[in-house]
Amino acid sequence: MGRAYRSKYDIIADILEAAINGARKTRIMHMANVNYHSFCKYFNILLKEGLIEEFRDSDGGLVYRTTEAGLEHLRIFARLSNQMREKEE
């Protein structure tokens, strides 16, 4: 059996969750289990909207981390998802 369909909001939430502790793009993409095309599409939106921030690690490499605004979006999404699941039961 294949994986259940994920909405764009599920994918965005997965990307934000993967970036909470800071990681490079490839790591975030793999942790969110999303293909390159979809990752680029959503990641660039999140970066532009300030839900993910870019910084340099001690080696000078680019690392990305979920911002406080991104964490707030995750909390709202989780709350709404839980309410929808409860109504479906």
# chains A, B, ... in the order shown; residues from 1 in each chain; ligands from 1

$ select_by_dssp --residues "chain A" --states "alpha helix (DSSP H)" --output "PyMOL selection string"
chain A and resi 8-18+25-31+36-48+68-88

$ write_last_selection --atoms "N, CA and C atoms" --output "short mmCIF file (atom, residue, chain, number, x, y, z; two decimals), in the first residue's frame"
data_model
loop_
_atom_site.label_atom_id
_atom_site.label_comp_id
_atom_site.auth_asym_id
_atom_site.auth_seq_id
_atom_site.Cartn_x
_atom_site.Cartn_y
_atom_site.Cartn_z
N LYS A 8 -1.17 20.16 0.37
CA LYS A 8 -0.04 21.10 0.39
C LYS A 8 0.22 21.60 1.80
N TYR A 9 -0.83 21.67 2.62
CA TYR A 9 -0.66 22.11 4.00
C TYR A 9 0.09 21.06 4.83
N ASP A 10 -0.17 19.79 4.53
CA ASP A 10 0.58 18.72 5.21
C ASP A 10 2.05 18.78 4.83
N ILE A 11 2.34 19.00 3.57
CA ILE A 11 3.73 19.09 3.10
C ILE A 11 4.43 20.27 3.74
N ILE A 12 3.75 21.41 3.77
CA ILE A 12 4.33 22.61 4.39
C ILE A 12 4.62 22.34 5.87
N ALA A 13 3.67 21.71 6.56
CA ALA A 13 3.87 21.39 7.98
C ALA A 13 5.06 20.45 8.16
N ASP A 14 5.19 19.46 7.27
CA ASP A 14 6.31 18.52 7.36
C ASP A 14 7.65 19.24 7.16
N ILE A 15 7.69 20.19 6.24
CA ILE A 15 8.93 20.95 6.00
C ILE A 15 9.25 21.81 7.22
N LEU A 16 8.25 22.49 7.76
CA LEU A 16 8.48 23.33 8.94
C LEU A 16 8.95 22.47 10.13
N GLU A 17 8.35 21.31 10.32
CA GLU A 17 8.77 20.43 11.40
C GLU A 17 10.20 19.93 11.21
N ALA A 18 10.56 19.62 9.99
CA ALA A 18 11.90 19.11 9.70
C ALA A 18 12.97 20.18 9.95
N LYS A 25 19.25 22.07 3.37
CA LYS A 25 18.09 21.81 2.51
C LYS A 25 17.86 20.33 2.24
N THR A 26 18.92 19.61 1.90
CA THR A 26 18.76 18.20 1.56
C THR A 26 18.20 17.40 2.73
N ARG A 27 18.68 17.69 3.91
CA ARG A 27 18.20 16.99 5.11
C ARG A 27 16.73 17.29 5.35
N ILE A 28 16.34 18.56 5.20
CA ILE A 28 14.94 18.94 5.38
C ILE A 28 14.06 18.22 4.36
N MET A 29 14.51 18.20 3.11
CA MET A 29 13.76 17.54 2.04
C MET A 29 13.55 16.07 2.36
N HIS A 30 14.58 15.39 2.80
CA HIS A 30 14.47 13.97 3.13
C HIS A 30 13.60 13.73 4.36
N MET A 31 13.77 14.55 5.38
CA MET A 31 12.98 14.39 6.60
C MET A 31 11.49 14.64 6.33
N TYR A 36 12.06 16.72 -4.97
CA TYR A 36 12.80 17.97 -5.16
C TYR A 36 11.92 19.09 -5.69
N HIS A 37 11.10 18.79 -6.68
CA HIS A 37 10.24 19.82 -7.29
C HIS A 37 9.29 20.42 -6.25
N SER A 38 8.60 19.56 -5.51
CA SER A 38 7.67 20.05 -4.49
C SER A 38 8.40 20.77 -3.38
N PHE A 39 9.55 20.24 -2.99
CA PHE A 39 10.32 20.88 -1.94
C PHE A 39 10.68 22.31 -2.32
N CYS A 40 11.22 22.49 -3.51
CA CYS A 40 11.62 23.84 -3.95
C CYS A 40 10.42 24.78 -3.97
N LYS A 41 9.31 24.31 -4.48
CA LYS A 41 8.10 25.12 -4.57
C LYS A 41 7.69 25.64 -3.19
N TYR A 42 7.55 24.74 -2.24
CA TYR A 42 7.07 25.14 -0.91
C TYR A 42 8.15 25.79 -0.06
N PHE A 43 9.37 25.30 -0.15
CA PHE A 43 10.46 25.86 0.65
C PHE A 43 10.68 27.33 0.32
N ASN A 44 10.68 27.68 -0.96
CA ASN A 44 10.89 29.07 -1.35
C ASN A 44 9.79 29.97 -0.84
N ILE A 45 8.56 29.48 -0.82
CA ILE A 45 7.45 30.26 -0.26
C ILE A 45 7.67 30.48 1.23
N LEU A 46 8.04 29.42 1.94
CA LEU A 46 8.26 29.53 3.38
C LEU A 46 9.39 30.49 3.72
N LEU A 47 10.44 30.45 2.92
CA LEU A 47 11.57 31.35 3.11
C LEU A 47 11.15 32.80 2.86
N LYS A 48 10.45 33.02 1.77
CA LYS A 48 10.00 34.36 1.39
C LYS A 48 9.04 34.95 2.44
N GLU A 68 9.93 31.69 14.63
CA GLU A 68 8.83 31.72 15.59
C GLU A 68 7.49 31.81 14.86
N ALA A 69 7.43 32.58 13.79
CA ALA A 69 6.20 32.66 12.99
C ALA A 69 5.88 31.29 12.38
N GLY A 70 6.88 30.56 11.94
CA GLY A 70 6.68 29.23 11.40
C GLY A 70 6.17 28.27 12.45
N LEU A 71 6.70 28.38 13.66
CA LEU A 71 6.23 27.54 14.77
C LEU A 71 4.77 27.83 15.10
N GLU A 72 4.40 29.11 15.04
CA GLU A 72 3.00 29.49 15.29
C GLU A 72 2.09 28.90 14.21
N HIS A 73 2.52 28.92 12.97
CA HIS A 73 1.75 28.30 11.89
C HIS A 73 1.58 26.80 12.14
N LEU A 74 2.64 26.14 12.61
CA LEU A 74 2.55 24.72 12.93
C LEU A 74 1.54 24.45 14.05
N ARG A 75 1.54 25.29 15.07
CA ARG A 75 0.60 25.11 16.18
C ARG A 75 -0.85 25.27 15.70
N ILE A 76 -1.09 26.28 14.88
CA ILE A 76 -2.43 26.52 14.34
C ILE A 76 -2.86 25.35 13.46
N PHE A 77 -1.96 24.89 12.59
CA PHE A 77 -2.27 23.78 11.70
C PHE A 77 -2.59 22.52 12.49
N ALA A 78 -1.82 22.25 13.53
CA ALA A 78 -2.06 21.06 14.36
C ALA A 78 -3.41 21.15 15.05
N ARG A 79 -3.73 22.31 15.56
CA ARG A 79 -5.01 22.50 16.24
C ARG A 79 -6.18 22.28 15.26
N LEU A 80 -6.08 22.86 14.07
CA LEU A 80 -7.14 22.69 13.07
C LEU A 80 -7.24 21.24 12.61
N SER A 81 -6.11 20.59 12.40
CA SER A 81 -6.11 19.19 11.97
C SER A 81 -6.78 18.30 13.01
N ASN A 82 -6.46 18.54 14.28
CA ASN A 82 -7.07 17.76 15.36
C ASN A 82 -8.57 17.97 15.41
N GLN A 83 -9.01 19.20 15.25
CA GLN A 83 -10.45 19.49 15.26
C GLN A 83 -11.15 18.79 14.10
N MET A 84 -10.54 18.79 12.94
CA MET A 84 -11.14 18.13 11.77
C MET A 84 -11.22 16.63 11.98
N ARG A 85 -10.17 16.03 12.54
CA ARG A 85 -10.18 14.59 12.80
C ARG A 85 -11.28 14.22 13.80
N GLU A 86 -11.44 15.04 14.83
CA GLU A 86 -12.47 14.78 15.83
C GLU A 86 -13.86 14.84 15.23
N LYS A 87 -14.08 15.76 14.30
CA LYS A 87 -15.38 15.89 13.67
C LYS A 87 -15.68 14.74 12.72
N GLU A 88 -14.62 14.12 12.18
CA GLU A 88 -14.79 13.00 11.27
C GLU A 88 -15.15 11.72 12.01
#

$ residues_around --residues "Ala19 in chain A" --least-positions-apart "4" --cutoff "8 Å" --atoms "only C-alpha atoms" --output "list in words"
Ile15, Ala23, Ile28, Ile52, Tyr64, Arg65 and Thr66 of chain A

$ write_last_selection --atoms "C-alpha atoms" --output "CSV table (one decimal), in the first residue's frame"
chain,number,residue,atom,x,y,z
A,15,ILE,CA,8.9,21.0,6.0
A,23,ALA,CA,19.2,21.7,8.9
A,28,ILE,CA,14.9,18.9,5.4
A,52,ILE,CA,12.0,29.6,7.7
A,64,TYR,CA,17.7,26.7,7.6
A,65,ARG,CA,15.5,26.9,10.7
A,66,THR,CA,11.8,27.3,11.4

$ select_by_dssp --residues "range 46-81 of chain A" --states "strand (DSSP E)" --output "VMD selection string"
chain A and resid 52 to 56 62 to 66

$ write_last_selection --atoms "N, CA and C atoms" --output "CSV table (one decimal), in the first residue's frame"
chain,number,residue,atom,x,y,z
A,52,ILE,N,10.7,30.3,7.5
A,52,ILE,CA,12.0,29.6,7.7
A,52,ILE,C,13.0,30.7,7.5
A,53,GLU,N,14.1,30.6,8.3
A,53,GLU,CA,15.2,31.6,8.2
A,53,GLU,C,16.5,30.9,7.8
A,54,GLU,N,17.4,31.6,7.2
A,54,GLU,CA,18.7,31.1,6.7
A,54,GLU,C,19.8,31.7,7.6
A,55,PHE,N,20.7,30.8,7.9
A,55,PHE,CA,21.9,31.3,8.7
A,55,PHE,C,23.1,30.4,8.3
A,56,ARG,N,24.2,30.8,8.8
A,56,ARG,CA,25.5,30.0,8.5
A,56,ARG,C,25.9,29.3,9.8
A,62,LEU,N,25.2,26.9,4.7
A,62,LEU,CA,23.9,27.4,4.9
A,62,LEU,C,23.0,26.4,5.6
A,63,VAL,N,22.3,26.9,6.6
A,63,VAL,CA,21.4,26.1,7.4
A,63,VAL,C,20.1,26.8,7.5
A,64,TYR,N,19.0,26.1,7.6
A,64,TYR,CA,17.7,26.7,7.6
A,64,TYR,C,17.0,26.2,8.8
A,65,ARG,N,16.2,27.2,9.4
A,65,ARG,CA,15.5,26.9,10.7
A,65,ARG,C,14.1,27.5,10.7
A,66,THR,N,13.2,26.8,11.3
A,66,THR,CA,11.8,27.3,11.4
A,66,THR,C,11.8,28.5,12.3

$ atom_distance --atom1 "CA of Gly61 in chain A" --atom2 "CA of Gly22 in chain A"
11.7 Å

$ atom_distance --atom1 "CA of Glu89 in chain A" --atom2 "CA of Val34 in chain A"
28.5 Å
